[in-house]
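A.B. asks: Pasting a structure here, questions to come.
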Amino acid sequence: MVEHPSAEEAARALRDVDRRRDQALGSLHGAKWVDLTFALVIFLCLASTDFLPSAAGWSGLTMAVLALGYGLLLRTRRGAAWLGHSARVDRSAIPPRFVLGVWLVFVAVCAAMFAVRPLHVQIPYGSTIMGAVLAIVLVVFGQHLRRGLAALVRRSRSGGAADGHA
Amino acid sequence: MATPDLDPLLLDPTRLSIVALLASTEWAEFRWVRDLVGLSDSALSKQITNLANPGYVEVKKGYVGKRPRTWLNLSDSGHQALRAHVAALNQIVEQSQRAGSTHRAEEPSA
């Protein structure tokens, strides 16, 4: 670009800045083996409540420790690289309304689970079935779900800040 | 027409792309940036040196297992430079749009 860009060149540069930011958000993914490990652990933990009811306590603890360890590893460069992440998204790049939306969905799911609990619906091997479904969803659709989330972030970002505004 | 404060370093489209990519991340691996920008190792290394000299990009090297890795991150001054540059580019576009609408308003109707 020349020292004094024309309006067309400036507009092109702004579009490129937006495109690169979207590209960065859309190119963040982890290793497949991490999805497989999480899927296996989720299945084993949920299946254990059907087959080993006494193990319900430690299976929940295992899940919590694994999730915490994953979160902590992602915060460090070496840990994230080990988990197959080549970059860490900047929190400021995620629009607050997207974060609010994710929290609302999370609260709604928790509320729905608590609402269903008193009904005492007994499905034979319900936890095992739930574990298998969650594990399959994670393995088969894990990458698609992440791409979908990235697309949602991009959409909510472009709605709030157009033309390269930071 | 006033000339906005454009950053001469960011007038280069490749450098602007690298900075824009890094602006959405806390840090990124060298090869991730290389693949997305579509440069060779040496070409990206040269651009990173240009951006690291004024302190826009910080470079950290390390190992994961036995493999060497290089991580890049946009410094606060880099973020600031990008914001100022984008604001200047916006100003150019807006000035052009204003000039265009004034020109159309001054044209005698047929």
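Ordered as shown in the structure tokens, chains take letters A, B, and onward, while each chain numbers its residues from 1 and ligands are numbered from 1 in the order shown.
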Determine which residues of chain A sit within 12 Å of chain B, taking into account only C-alpha atoms, and present them as a PyMOL selection string.
C.D. replies: chain A and resi 1-29+74-95+153-154+157+162-166
A.B. asks: Which polymer residues have any atom within 8 Å of an atom of region 41-49 of chain A, counting only C-alpha atoms, with same-chain residues fewer than 3 positions away left out, as number ranges by chain?
C.D. replies: A: 37-38, 52-56, 59-60, 62-63, 125, 127-132, 134-135
A.B. asks: Residues within 10 Å of Leu36 (chain A), please, as a PyMOL selection string. Count only C-alpha atoms; anything in the same chain fewer than 6 positions from it doesn't count.
C.D. replies: chain A and resi 42+135-136+138-140+142
A.B. asks: Just the residues within 10 Å of Arg34 (chain B), please, counting only C-alpha atoms, with nothing from its chain fewer than 6 positions along; format it as a PyMOL selection string.
C.D. replies: chain B and resi 18+40-45
A.B. asks: For the alpha helix (DSSP H) assignment from backbone DSSP, which residues of chain A qualify? Please present them as a VMD selection string.
C.D. replies: chain A and resid 7 to 26 32 to 51 56 to 75 77 to 82 96 to 116 126 to 160
A.B. asks: What is the CA of Ala115 (chain A)-CA of Ala39 (chain A) distance in Å, reported with one decimal?
C.D. replies: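 If I compute the distance from CA of Ala115 (chain A) to CA of Ala39 (chain A), I get 26.0 Å.
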A.B. asks: List the spatial neighbours of Asn50 (chain B) as a PyMOL selection string - criterion: any atom at most 10 Å away, only C-alpha atoms, same-chain residues fewer than 6 positions off excluded.
C.D. replies: chain B and resi 9+15+44+56-57
A.B. asks: So that I have them on file, write out the residues from the current selection with C-alpha atoms, as a PDB file, in the first residue's frame.
C.D. replies:
```
ATOM      1  CA  LEU B   9       4.789  -0.255   9.274  1.00  0.00           C
ATOM      2  CA  ARG B  15       2.271  -7.029   8.159  1.00  0.00           C
ATOM      3  CA  LEU B  44       7.324 -14.656   8.079  1.00  0.00           C
ATOM      4  CA  TYR B  56       4.662  -4.507  18.303  1.00  0.00           C
ATOM      5  CA  VAL B  57       5.206  -8.260  18.473  1.00  0.00           C
TER       6      VAL B  57
END
```
A.B. asks: In Å, rounded to a single decimal, give me how far CA of Leu66 (chain A) is from CA of Arg97 (chain A).
C.D. replies: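 So the answer is 28.3 Å.
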A.B. asks: What's the separation between CA of Asp76 (chain B) and CA of Gly71 (chain A), in Å to one decimal place?
C.D. replies: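 For CA of Asp76 (chain B) relative to CA of Gly71 (chain A), the distance reads 24.9 Å.
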A.B. asks: Pick out each residue of chain B that DSSP on the backbone tags as strand (DSSP E or B); I need them as a ChimeraX atom specification.
C.D. replies: /B:25-29,57-64,67-74
